[in-house]
Structures are given as structure tokens and as C-alpha cells.
$ cat protein.tsv   # TSV, C-alpha atoms
chain	number	residue	atom	x	y	z
A	1	MET	CA	37.32	-50.04	-11.41
A	2	LEU	CA	36.48	-47.89	-14.42
A	3	SER	CA	39.46	-45.61	-13.84
A	4	GLU	CA	41.81	-48.59	-13.98
A	5	LYS	CA	40.20	-50.08	-17.08
A	6	TYR	CA	40.11	-46.86	-19.12
A	7	ARG	CA	42.79	-44.17	-18.85
A	8	HIS	CA	41.48	-42.05	-21.73
A	9	ILE	CA	37.77	-41.80	-22.54
A	10	VAL	CA	36.35	-39.59	-25.28
A	11	ILE	CA	32.69	-38.51	-25.31
A	12	GLU	CA	31.41	-37.55	-28.76
A	13	GLY	CA	28.18	-36.62	-30.48
A	14	PRO	CA	26.38	-33.75	-32.23
A	15	ILE	CA	25.69	-30.31	-30.81
A	16	GLY	CA	23.30	-30.40	-27.88
A	17	VAL	CA	23.58	-34.11	-27.11
A	18	GLY	CA	25.30	-33.52	-23.76
A	19	LYS	CA	28.86	-34.70	-24.38
A	20	THR	CA	30.55	-31.89	-22.44
A	21	SER	CA	28.27	-32.24	-19.43
A	22	LEU	CA	28.80	-36.00	-19.38
A	23	ALA	CA	32.57	-35.60	-19.68
A	24	ARG	CA	32.53	-33.31	-16.65
A	25	LEU	CA	30.38	-35.72	-14.64
A	26	ILE	CA	32.60	-38.72	-15.33
A	27	ALA	CA	35.72	-36.69	-14.59
A	28	GLN	CA	34.22	-35.53	-11.32
A	29	ARG	CA	33.22	-39.06	-10.29
A	30	PHE	CA	36.70	-40.48	-10.91
A	31	GLN	CA	38.76	-37.37	-10.12
A	32	ALA	CA	40.03	-37.39	-13.69
A	33	GLU	CA	41.49	-34.64	-15.79
A	34	VAL	CA	38.99	-33.14	-18.23
A	35	LEU	CA	39.95	-31.96	-21.71
A	36	LEU	CA	37.18	-29.94	-23.33
A	37	GLU	CA	36.55	-28.09	-26.55
A	38	LYS	CA	36.41	-24.31	-26.14
A	39	PRO	CA	33.80	-23.04	-28.61
A	40	ASP	CA	33.48	-19.73	-26.75
A	41	ASP	CA	37.08	-18.95	-27.74
A	42	ASN	CA	36.32	-19.23	-31.47
A	43	PRO	CA	35.72	-15.67	-32.77
A	44	PHE	CA	34.21	-16.96	-36.02
A	45	LEU	CA	31.61	-19.34	-34.61
A	46	GLU	CA	28.73	-16.93	-34.16
A	47	LYS	CA	29.40	-15.49	-37.62
A	48	PHE	CA	29.40	-19.02	-39.05
A	49	TYR	CA	25.88	-19.71	-37.76
A	50	GLN	CA	24.76	-16.44	-39.35
A	51	GLU	CA	26.61	-16.83	-42.67
A	52	PRO	CA	27.84	-20.44	-42.99
A	53	ALA	CA	29.29	-20.21	-46.50
A	54	ARG	CA	31.37	-17.13	-45.69
A	55	TYR	CA	32.76	-18.18	-42.32
A	56	ALA	CA	33.00	-21.97	-42.56
A	57	LEU	CA	36.72	-22.09	-43.38
A	58	PRO	CA	38.05	-19.75	-40.66
A	59	THR	CA	35.73	-21.38	-38.13
A	60	GLN	CA	36.99	-24.82	-39.05
A	61	LEU	CA	40.66	-23.85	-39.07
A	62	PHE	CA	40.39	-22.15	-35.68
A	63	PHE	CA	38.89	-25.31	-34.18
A	64	LEU	CA	41.51	-27.48	-35.88
A	65	PHE	CA	44.45	-25.50	-34.47
A	66	GLN	CA	42.77	-25.25	-31.07
A	67	ARG	CA	42.24	-29.03	-30.84
A	68	ILE	CA	45.75	-29.78	-32.11
A	69	GLY	CA	47.19	-27.45	-29.47
A	70	GLN	CA	45.20	-29.09	-26.68
A	71	LEU	CA	46.26	-32.60	-27.70
A	72	ARG	CA	49.87	-31.55	-28.21
A	73	ASP	CA	49.98	-30.12	-24.68
A	74	LEU	CA	48.57	-33.37	-23.38
A	75	THR	CA	51.05	-35.62	-25.17
A	76	GLN	CA	54.00	-33.52	-23.97
A	77	ARG	CA	53.16	-34.58	-20.42
A	78	ASP	CA	52.95	-38.08	-18.97
A	79	PHE	CA	49.70	-38.98	-20.74
A	80	PHE	CA	48.81	-41.87	-18.46
A	81	GLU	CA	49.64	-40.14	-15.19
A	82	ASN	CA	45.96	-39.28	-14.71
A	83	MET	CA	42.71	-40.54	-16.18
A	84	VAL	CA	41.63	-38.14	-18.95
A	85	ILE	CA	38.04	-37.51	-20.10
A	86	SER	CA	37.64	-35.51	-23.31
A	87	ASP	CA	34.65	-34.25	-25.29
A	88	PHE	CA	36.25	-34.39	-28.74
A	89	LEU	CA	38.06	-36.62	-31.21
A	90	LEU	CA	40.50	-34.84	-33.48
A	91	GLU	CA	39.41	-37.12	-36.34
A	92	LYS	CA	35.87	-35.73	-36.25
A	93	ASP	CA	37.25	-32.36	-37.31
A	94	ARG	CA	37.49	-33.68	-40.87
A	95	MET	CA	33.86	-34.75	-40.70
A	96	PHE	CA	32.77	-31.19	-39.91
A	97	ALA	CA	35.02	-29.88	-42.67
A	98	SER	CA	33.45	-32.15	-45.28
A	99	LEU	CA	30.04	-30.98	-44.12
A	100	THR	CA	30.64	-27.23	-44.15
A	101	LEU	CA	33.38	-26.45	-46.70
A	102	ASP	CA	33.12	-26.17	-50.46
A	103	GLU	CA	35.35	-28.26	-52.72
A	104	GLU	CA	38.30	-25.87	-52.95
A	105	GLU	CA	38.19	-24.98	-49.26
A	106	LEU	CA	38.11	-28.66	-48.36
A	107	LYS	CA	41.23	-29.33	-50.43
A	108	LEU	CA	43.06	-26.55	-48.59
A	109	TYR	CA	41.80	-27.77	-45.23
A	110	GLN	CA	42.93	-31.33	-45.92
A	111	GLN	CA	46.42	-30.14	-46.83
A	112	ILE	CA	46.66	-28.18	-43.58
A	113	TYR	CA	45.28	-31.11	-41.58
A	114	GLN	CA	47.84	-33.53	-43.01
A	115	HIS	CA	50.73	-31.19	-42.23
A	116	GLN	CA	49.62	-30.10	-38.78
A	117	SER	CA	47.82	-33.01	-37.09
A	118	PRO	CA	50.00	-34.56	-34.37
A	119	GLN	CA	50.51	-38.22	-33.60
A	120	THR	CA	48.19	-38.82	-30.67
A	121	SER	CA	47.44	-41.82	-28.51
A	122	THR	CA	44.28	-43.75	-29.37
A	123	PRO	CA	41.57	-43.47	-26.67
A	124	ASP	CA	40.83	-46.52	-24.58
A	125	LEU	CA	37.11	-45.94	-25.18
A	126	VAL	CA	34.92	-43.65	-27.28
A	127	ILE	CA	31.33	-43.02	-26.16
A	128	TYR	CA	29.11	-41.77	-28.99
A	129	LEU	CA	25.91	-40.11	-27.76
A	130	GLN	CA	22.90	-40.10	-30.07
A	131	ALA	CA	19.61	-38.19	-30.03
A	132	SER	CA	17.01	-37.25	-32.63
A	133	PRO	CA	17.29	-33.82	-34.31
A	134	GLN	CA	14.07	-32.82	-32.53
A	135	ALA	CA	15.61	-33.64	-29.14
A	136	LEU	CA	18.83	-31.85	-30.07
A	137	ILE	CA	17.10	-28.63	-31.07
A	138	GLU	CA	15.10	-28.68	-27.82
A	139	ARG	CA	18.29	-29.07	-25.79
A	140	VAL	CA	20.08	-26.34	-27.74
A	141	GLN	CA	17.17	-23.96	-27.21
A	142	LYS	CA	16.99	-24.86	-23.52
A	143	ARG	CA	20.60	-23.96	-22.81
A	144	ALA	CA	20.14	-20.68	-24.74
A	145	THR	CA	23.75	-20.09	-25.76
A	146	PRO	CA	23.65	-16.84	-27.77
A	147	TYR	CA	25.80	-17.95	-30.70
A	148	GLU	CA	23.64	-21.08	-31.12
A	149	ALA	CA	20.42	-19.10	-31.61
A	150	ASN	CA	20.56	-19.52	-35.40
A	151	ILE	CA	21.08	-23.29	-35.40
A	152	THR	CA	18.25	-24.99	-37.26
A	153	GLU	CA	16.77	-28.45	-36.92
A	154	ALA	CA	17.73	-29.07	-40.57
A	155	TYR	CA	21.40	-28.40	-39.78
A	156	LEU	CA	21.26	-30.67	-36.72
A	157	SER	CA	19.64	-33.40	-38.84
A	158	GLN	CA	22.46	-33.09	-41.38
A	159	LEU	CA	25.04	-33.14	-38.58
A	160	SER	CA	23.47	-36.19	-36.94
A	161	ASP	CA	23.58	-38.07	-40.23
A	162	ALA	CA	27.25	-37.15	-40.64
A	163	TYR	CA	28.04	-38.44	-37.15
A	164	SER	CA	26.19	-41.69	-37.88
A	165	ARG	CA	28.23	-42.24	-41.05
A	166	PHE	CA	31.47	-41.36	-39.27
A	167	PHE	CA	30.95	-43.81	-36.42
A	168	TYR	CA	29.56	-46.51	-38.71
A	169	HIS	CA	33.09	-46.81	-40.10
A	170	TYR	CA	35.02	-45.91	-36.92
A	171	ASP	CA	37.18	-48.74	-35.62
A	172	ASP	CA	40.22	-47.07	-34.11
A	173	ALA	CA	39.11	-47.62	-30.51
A	174	PRO	CA	36.40	-49.52	-28.61
A	175	LEU	CA	33.08	-47.76	-29.19
A	176	LEU	CA	29.96	-47.55	-27.04
A	177	ILE	CA	26.96	-46.08	-28.89
A	178	VAL	CA	24.41	-44.62	-26.46
A	179	ASN	CA	20.88	-43.59	-27.41
A	180	THR	CA	20.00	-40.70	-25.08
A	181	GLU	CA	16.35	-40.29	-26.10
A	182	HIS	CA	15.17	-41.92	-22.85
A	183	LEU	CA	18.41	-41.77	-20.89
A	184	ASN	CA	19.39	-38.61	-19.02
A	185	PRO	CA	22.69	-39.25	-17.23
A	186	ILE	CA	23.23	-35.52	-16.77
A	187	ASP	CA	20.18	-34.80	-14.61
A	188	HIS	CA	19.31	-38.26	-13.24
A	189	ALA	CA	21.81	-39.99	-10.97
A	190	GLU	CA	20.25	-43.40	-11.59
A	191	ASP	CA	20.70	-42.99	-15.35
A	192	PHE	CA	24.31	-41.93	-14.81
A	193	ASP	CA	24.96	-45.06	-12.76
A	194	LEU	CA	23.28	-47.21	-15.43
A	195	LEU	CA	25.61	-45.77	-18.03
A	196	LEU	CA	28.69	-46.29	-15.87
A	197	ASN	CA	27.69	-49.93	-15.34
A	198	GLN	CA	27.31	-50.35	-19.11
A	199	ILE	CA	30.75	-48.83	-19.69
A	200	ASP	CA	32.36	-50.98	-17.03
A	201	GLY	CA	30.76	-54.12	-18.42
A	202	MET	CA	31.88	-53.66	-22.01
A	203	LYS	CA	33.49	-56.77	-23.47
A	204	GLY	CA	33.55	-56.17	-27.23
A	205	ARG	CA	34.93	-53.38	-29.39
A	206	ARG	CA	31.48	-52.09	-30.38
A	207	GLU	CA	28.38	-52.13	-28.22
A	208	PHE	CA	25.01	-50.37	-28.19
A	209	PHE	CA	23.15	-49.05	-25.16
A	210	ASN	CA	19.52	-48.25	-25.98
A	211	TRP	CA	17.74	-47.72	-22.68
A	212	SER	CA	13.94	-47.57	-22.69
A	213	GLU	CA	11.84	-46.85	-19.66

$ encode --input "protein.tsv" --output "C-alpha cells"
Amino acid sequence: MLSEKYRHIVIEGPIGVGKTSLARLIAQRFQAEVLLEKPDDNPFLEKFYQEPARYALPTQLFFLFQRIGQLRDLTQRDFFENMVISDFLLEKDRMFASLTLDEEELKLYQQIYQHQSPQTSTPDLVIYLQASPQALIERVQKRATPYEANITEAYLSQLSDAYSRFFYHYDDAPLLIVNTEHLNPIDHAEDFDLLLNQIDGMKGRREFFNWSE
């Protein structure tokens, strides 16, 4: 069974791709613990989307300390007692930092990251969800989260490119890259089952799932 094969699964991908919803669905199916980012708790996030240059650093540092705290709480318990599904990798925090911070801010951020980041267990599997910037902006607009109102397609395109570069080099854990352009595991039960079968059947460290109707 999937829950026996993978004790810790991370779902990743750019804003609007559906990683949080998928993490919840998988956790519900296998009665797993879910560990989610909490963007609503970040008091700088809405300001960042309005004035990125001014609020990038406090936004990034808040997320960094939030994620570190969540992972630290997890590692203080018996990590493998329950299956855990998460919607973030701590390592991707540096990717966002390199995208949003200027040179001096990035130097400061990197110093803080090196001193604060905990030693965490490597996931058993990372699922990287992909979608075009056009699809992402449609999904962001559909869910109508107030602080995301100022997100542009240009920013999502830049973010998608950064994710692609990040996972091109990622080799810390087995990786399943899923194109979600024609796959909707959130709203369609048959698509969800297709994805679970793909996950369960993984044999290599890096596989692609590009479903076309």
C-alpha cells in the first residue's frame, strides 16, 4: 500500500497549481497527518504583492521561521509514527529568496538560513505539480483569495521557471513530476486514482506523469 511505501510525501509547485488541495486529499485517503504552509498567518504577504521590493525580505523571513518551526515540531515527535503529507519543502524557501530579494538582502537571508535551518529527514517522495502560467493565473483568480488579487501572469511565469530550474537539479529524494494541464485530481476522482496508481508504481528516482485525454 502507498502508506507503507511512503511515510513522508511532499507536494510542491507554484502558486495556484493545487499542491495544498492535493496534500489534503492524499492525507484524507490514507488517514495521514497533514503539514501545510500557513500563508494567511503572514502579515507581510498582502503588502508584498502590492509592493514587492519593499516587503520581500520580511515576507521571506516570516515564511522561513514559520516553516522551520513546523518542521522542528515534527522532528521532536516520532516522525514515522504516522504518514505525513506536506505541501512544502524547506529547501524551496531559498528559491523564493533568490527570486524576490536584492543582492544585499539575499546575503542576509542566506546567513540567517544557514544558522537557523534544522536538520530534517529527507522525504520519501516529492511530487512536483506543473501547469502553464495561463492555467495558474486562472486558478488563482478562481479561488479569489484577497491577498492574491495583485498576482500577475508575468510573476507566475517567472515563478514557474524558477521551480523548473530548482527541480531540474533536485536529487535529494525520489521525484515525480506531474503535468496538471489535463489532469485534475482535485475535482475528478478518476484523475486522483490515476495519480495514486502512478505514485504507487514508481520504480526510479525521477519519473514524469504527463496525462493527456

$ residues_around --input "protein.tsv" --residues "A:Glu105" --least-positions-apart "3" --cutoff "12 Å" --atoms "all atoms listed in the file" --output "VMD selection string"
chain A and resid 53 to 61 97 to 102 108 to 112

$ residues_near_point --input "protein.tsv" --point "(37.5, -56.2, -27.8)" --cutoff "12 Å" --atoms "all atoms listed in the file" --output "list of chain:residue names"
A:Asp124, A:Leu125, A:Asp171, A:Asp172, A:Ala173, A:Pro174, A:Leu175, A:Leu176, A:Gly201, A:Met202, A:Lys203, A:Gly204, A:Arg205, A:Arg206, A:Glu207

$ closest_residue --input "protein.tsv" --among "A:Asp73, A:Val140, A:Glu148, A:Gln114" --to "A:Asp40" --atoms "all atoms listed in the file"
A:Glu148

$ residues_around --input "protein.tsv" --residues "stretch 22-39 of chain A" --least-positions-apart "3" --cutoff "10 Å" --atoms "all atoms listed in the file" --output "PDB file with C-alpha atoms, in the coordinates of the input"
ATOM      1  CA  MET A   1      37.320 -50.040 -11.410  1.00  0.00           C
ATOM      2  CA  LEU A   2      36.480 -47.890 -14.420  1.00  0.00           C
ATOM      3  CA  SER A   3      39.460 -45.610 -13.840  1.00  0.00           C
ATOM      4  CA  ARG A   7      42.790 -44.170 -18.850  1.00  0.00           C
ATOM      5  CA  HIS A   8      41.480 -42.050 -21.730  1.00  0.00           C
ATOM      6  CA  ILE A   9      37.770 -41.800 -22.540  1.00  0.00           C
ATOM      7  CA  VAL A  10      36.350 -39.590 -25.280  1.00  0.00           C
ATOM      8  CA  ILE A  11      32.690 -38.510 -25.310  1.00  0.00           C
ATOM      9  CA  GLU A  12      31.410 -37.550 -28.760  1.00  0.00           C
ATOM     10  CA  VAL A  17      23.580 -34.110 -27.110  1.00  0.00           C
ATOM     11  CA  GLY A  18      25.300 -33.520 -23.760  1.00  0.00           C
ATOM     12  CA  LYS A  19      28.860 -34.700 -24.380  1.00  0.00           C
ATOM     13  CA  ASN A  42      36.320 -19.230 -31.470  1.00  0.00           C
ATOM     14  CA  PRO A  43      35.720 -15.670 -32.770  1.00  0.00           C
ATOM     15  CA  PHE A  44      34.210 -16.960 -36.020  1.00  0.00           C
ATOM     16  CA  LEU A  45      31.610 -19.340 -34.610  1.00  0.00           C
ATOM     17  CA  GLU A  46      28.730 -16.930 -34.160  1.00  0.00           C
ATOM     18  CA  THR A  59      35.730 -21.380 -38.130  1.00  0.00           C
ATOM     19  CA  PHE A  62      40.390 -22.150 -35.680  1.00  0.00           C
ATOM     20  CA  PHE A  63      38.890 -25.310 -34.180  1.00  0.00           C
ATOM     21  CA  GLN A  66      42.770 -25.250 -31.070  1.00  0.00           C
ATOM     22  CA  ARG A  67      42.240 -29.030 -30.840  1.00  0.00           C
ATOM     23  CA  GLN A  70      45.200 -29.090 -26.680  1.00  0.00           C
ATOM     24  CA  LEU A  71      46.260 -32.600 -27.700  1.00  0.00           C
ATOM     25  CA  LEU A  74      48.570 -33.370 -23.380  1.00  0.00           C
ATOM     26  CA  GLU A  81      49.640 -40.140 -15.190  1.00  0.00           C
ATOM     27  CA  ASN A  82      45.960 -39.280 -14.710  1.00  0.00           C
ATOM     28  CA  MET A  83      42.710 -40.540 -16.180  1.00  0.00           C
ATOM     29  CA  VAL A  84      41.630 -38.140 -18.950  1.00  0.00           C
ATOM     30  CA  ILE A  85      38.040 -37.510 -20.100  1.00  0.00           C
ATOM     31  CA  SER A  86      37.640 -35.510 -23.310  1.00  0.00           C
ATOM     32  CA  ASP A  87      34.650 -34.250 -25.290  1.00  0.00           C
ATOM     33  CA  PHE A  88      36.250 -34.390 -28.740  1.00  0.00           C
ATOM     34  CA  LEU A  89      38.060 -36.620 -31.210  1.00  0.00           C
ATOM     35  CA  ILE A 127      31.330 -43.020 -26.160  1.00  0.00           C
ATOM     36  CA  LEU A 129      25.910 -40.110 -27.760  1.00  0.00           C
ATOM     37  CA  TYR A 147      25.800 -17.950 -30.700  1.00  0.00           C
ATOM     38  CA  ASN A 184      19.390 -38.610 -19.020  1.00  0.00           C
ATOM     39  CA  PRO A 185      22.690 -39.250 -17.230  1.00  0.00           C
ATOM     40  CA  ILE A 186      23.230 -35.520 -16.770  1.00  0.00           C
ATOM     41  CA  ASP A 187      20.180 -34.800 -14.610  1.00  0.00           C
ATOM     42  CA  PHE A 192      24.310 -41.930 -14.810  1.00  0.00           C
ATOM     43  CA  LEU A 196      28.690 -46.290 -15.870  1.00  0.00           C
TER      44      LEU A 196
END

$ residues_around --input "protein.tsv" --residues "A:Ala135" --least-positions-apart "5" --cutoff "12 Å" --atoms "all atoms listed in the file" --output "MDAnalysis selection string"
chainID A and resid 14:18 130 140:142 153 156:157 160 179:184

$ write_last_selection --input "protein.tsv" --atoms "C-alpha atoms" --output "mmCIF file, keeping the file's coordinate frame"
data_model
loop_
_atom_site.group_PDB
_atom_site.id
_atom_site.type_symbol
_atom_site.label_atom_id
_atom_site.label_comp_id
_atom_site.auth_asym_id
_atom_site.auth_seq_id
_atom_site.Cartn_x
_atom_site.Cartn_y
_atom_site.Cartn_z
ATOM 1 C CA PRO A 14 26.380 -33.750 -32.230
ATOM 2 C CA ILE A 15 25.690 -30.310 -30.810
ATOM 3 C CA GLY A 16 23.300 -30.400 -27.880
ATOM 4 C CA VAL A 17 23.580 -34.110 -27.110
ATOM 5 C CA GLY A 18 25.300 -33.520 -23.760
ATOM 6 C CA GLN A 130 22.900 -40.100 -30.070
ATOM 7 C CA VAL A 140 20.080 -26.340 -27.740
ATOM 8 C CA GLN A 141 17.170 -23.960 -27.210
ATOM 9 C CA LYS A 142 16.990 -24.860 -23.520
ATOM 10 C CA GLU A 153 16.770 -28.450 -36.920
ATOM 11 C CA LEU A 156 21.260 -30.670 -36.720
ATOM 12 C CA SER A 157 19.640 -33.400 -38.840
ATOM 13 C CA SER A 160 23.470 -36.190 -36.940
ATOM 14 C CA ASN A 179 20.880 -43.590 -27.410
ATOM 15 C CA THR A 180 20.000 -40.700 -25.080
ATOM 16 C CA GLU A 181 16.350 -40.290 -26.100
ATOM 17 C CA HIS A 182 15.170 -41.920 -22.850
ATOM 18 C CA LEU A 183 18.410 -41.770 -20.890
ATOM 19 C CA ASN A 184 19.390 -38.610 -19.020
#

$ atom_distance --input "protein.tsv" --atom1 "atom CA of A:Phe65" --atom2 "atom CA of A:Leu90"
10.2 Å

$ decode --input "protein.tsv" --residues "stretch 178-209 of chain A" --atoms "N, CA and C atoms" --output "CSV table (one decimal), in the first residue's frame"
chain,number,residue,atom,x,y,z
A,178,VAL,N,4.5,16.0,-12.3
A,178,VAL,CA,3.2,15.8,-12.8
A,178,VAL,C,2.7,17.0,-13.5
A,179,ASN,N,2.4,16.8,-14.8
A,179,ASN,CA,1.8,17.9,-15.6
A,179,ASN,C,0.3,17.9,-15.3
A,180,THR,N,-0.2,19.0,-14.8
A,180,THR,CA,-1.6,19.1,-14.4
A,180,THR,C,-2.5,19.8,-15.4
A,181,GLU,N,-2.0,20.1,-16.6
A,181,GLU,CA,-2.8,20.8,-17.6
A,181,GLU,C,-4.1,20.1,-17.9
A,182,HIS,N,-4.0,18.7,-18.1
A,182,HIS,CA,-5.1,17.9,-18.4
A,182,HIS,C,-5.5,16.9,-17.4
A,183,LEU,N,-4.9,17.1,-16.2
A,183,LEU,CA,-5.2,16.2,-15.1
A,183,LEU,C,-5.7,17.0,-13.9
A,184,ASN,N,-6.9,16.6,-13.4
A,184,ASN,CA,-7.5,17.4,-12.3
A,184,ASN,C,-7.8,16.4,-11.1
A,185,PRO,N,-6.8,16.1,-10.4
A,185,PRO,CA,-7.0,15.1,-9.3
A,185,PRO,C,-7.8,15.7,-8.1
A,186,ILE,N,-8.0,17.0,-8.1
A,186,ILE,CA,-8.7,17.7,-7.0
A,186,ILE,C,-10.2,17.5,-7.2
A,187,ASP,N,-10.7,17.7,-8.4
A,187,ASP,CA,-12.1,17.7,-8.7
A,187,ASP,C,-12.6,16.4,-9.3
A,188,HIS,N,-11.7,15.6,-9.9
A,188,HIS,CA,-12.1,14.4,-10.6
A,188,HIS,C,-11.5,13.2,-9.9
A,189,ALA,N,-12.4,12.3,-9.3
A,189,ALA,CA,-12.0,11.2,-8.6
A,189,ALA,C,-11.1,10.2,-9.5
A,190,GLU,N,-11.5,10.1,-10.7
A,190,GLU,CA,-10.8,9.2,-11.6
A,190,GLU,C,-9.4,9.7,-11.9
A,191,ASP,N,-9.2,11.0,-11.9
A,191,ASP,CA,-7.8,11.6,-12.1
A,191,ASP,C,-7.0,11.4,-10.8
A,192,PHE,N,-7.7,11.5,-9.7
A,192,PHE,CA,-7.0,11.3,-8.4
A,192,PHE,C,-6.5,9.8,-8.3
A,193,ASP,N,-7.3,8.9,-8.7
A,193,ASP,CA,-6.9,7.5,-8.7
A,193,ASP,C,-5.8,7.2,-9.7
A,194,LEU,N,-5.9,7.8,-10.8
A,194,LEU,CA,-4.8,7.7,-11.8
A,194,LEU,C,-3.4,8.1,-11.2
A,195,LEU,N,-3.5,9.3,-10.5
A,195,LEU,CA,-2.3,9.8,-9.9
A,195,LEU,C,-1.8,8.9,-8.8
A,196,LEU,N,-2.7,8.4,-8.0
A,196,LEU,CA,-2.2,7.4,-6.9
A,196,LEU,C,-1.6,6.2,-7.5
A,197,ASN,N,-2.2,5.7,-8.6
A,197,ASN,CA,-1.6,4.5,-9.2
A,197,ASN,C,-0.2,4.8,-9.8
A,198,GLN,N,0.0,6.0,-10.3
A,198,GLN,CA,1.3,6.4,-10.8
A,198,GLN,C,2.3,6.5,-9.7
A,199,ILE,N,1.9,7.0,-8.5
A,199,ILE,CA,2.8,7.2,-7.4
A,199,ILE,C,3.1,5.8,-6.9
A,200,ASP,N,2.1,4.9,-6.7
A,200,ASP,CA,2.4,3.6,-6.2
A,200,ASP,C,3.3,2.7,-7.1
A,201,GLY,N,3.2,3.0,-8.4
A,201,GLY,CA,4.0,2.2,-9.4
A,201,GLY,C,5.4,2.8,-9.6
A,202,MET,N,5.8,3.8,-9.0
A,202,MET,CA,7.1,4.4,-9.2
A,202,MET,C,8.2,3.4,-8.9
A,203,LYS,N,9.2,3.3,-9.8
A,203,LYS,CA,10.3,2.4,-9.6
A,203,LYS,C,11.7,3.2,-9.6
A,204,GLY,N,11.8,4.3,-10.3
A,204,GLY,CA,13.0,5.0,-10.4
A,204,GLY,C,13.0,6.2,-9.4
A,205,ARG,N,14.1,7.0,-9.4
A,205,ARG,CA,14.2,8.2,-8.6
A,205,ARG,C,13.5,9.4,-9.2
A,206,ARG,N,13.3,9.4,-10.5
A,206,ARG,CA,12.7,10.5,-11.2
A,206,ARG,C,11.8,10.0,-12.3
A,207,GLU,N,10.6,10.4,-12.2
A,207,GLU,CA,9.6,10.0,-13.2
A,207,GLU,C,8.7,11.1,-13.6
A,208,PHE,N,8.1,11.1,-14.8
A,208,PHE,CA,7.2,12.1,-15.3
A,208,PHE,C,5.9,11.5,-15.5
A,209,PHE,N,4.8,12.2,-15.2
A,209,PHE,CA,3.5,11.8,-15.5
A,209,PHE,C,2.8,12.9,-16.3
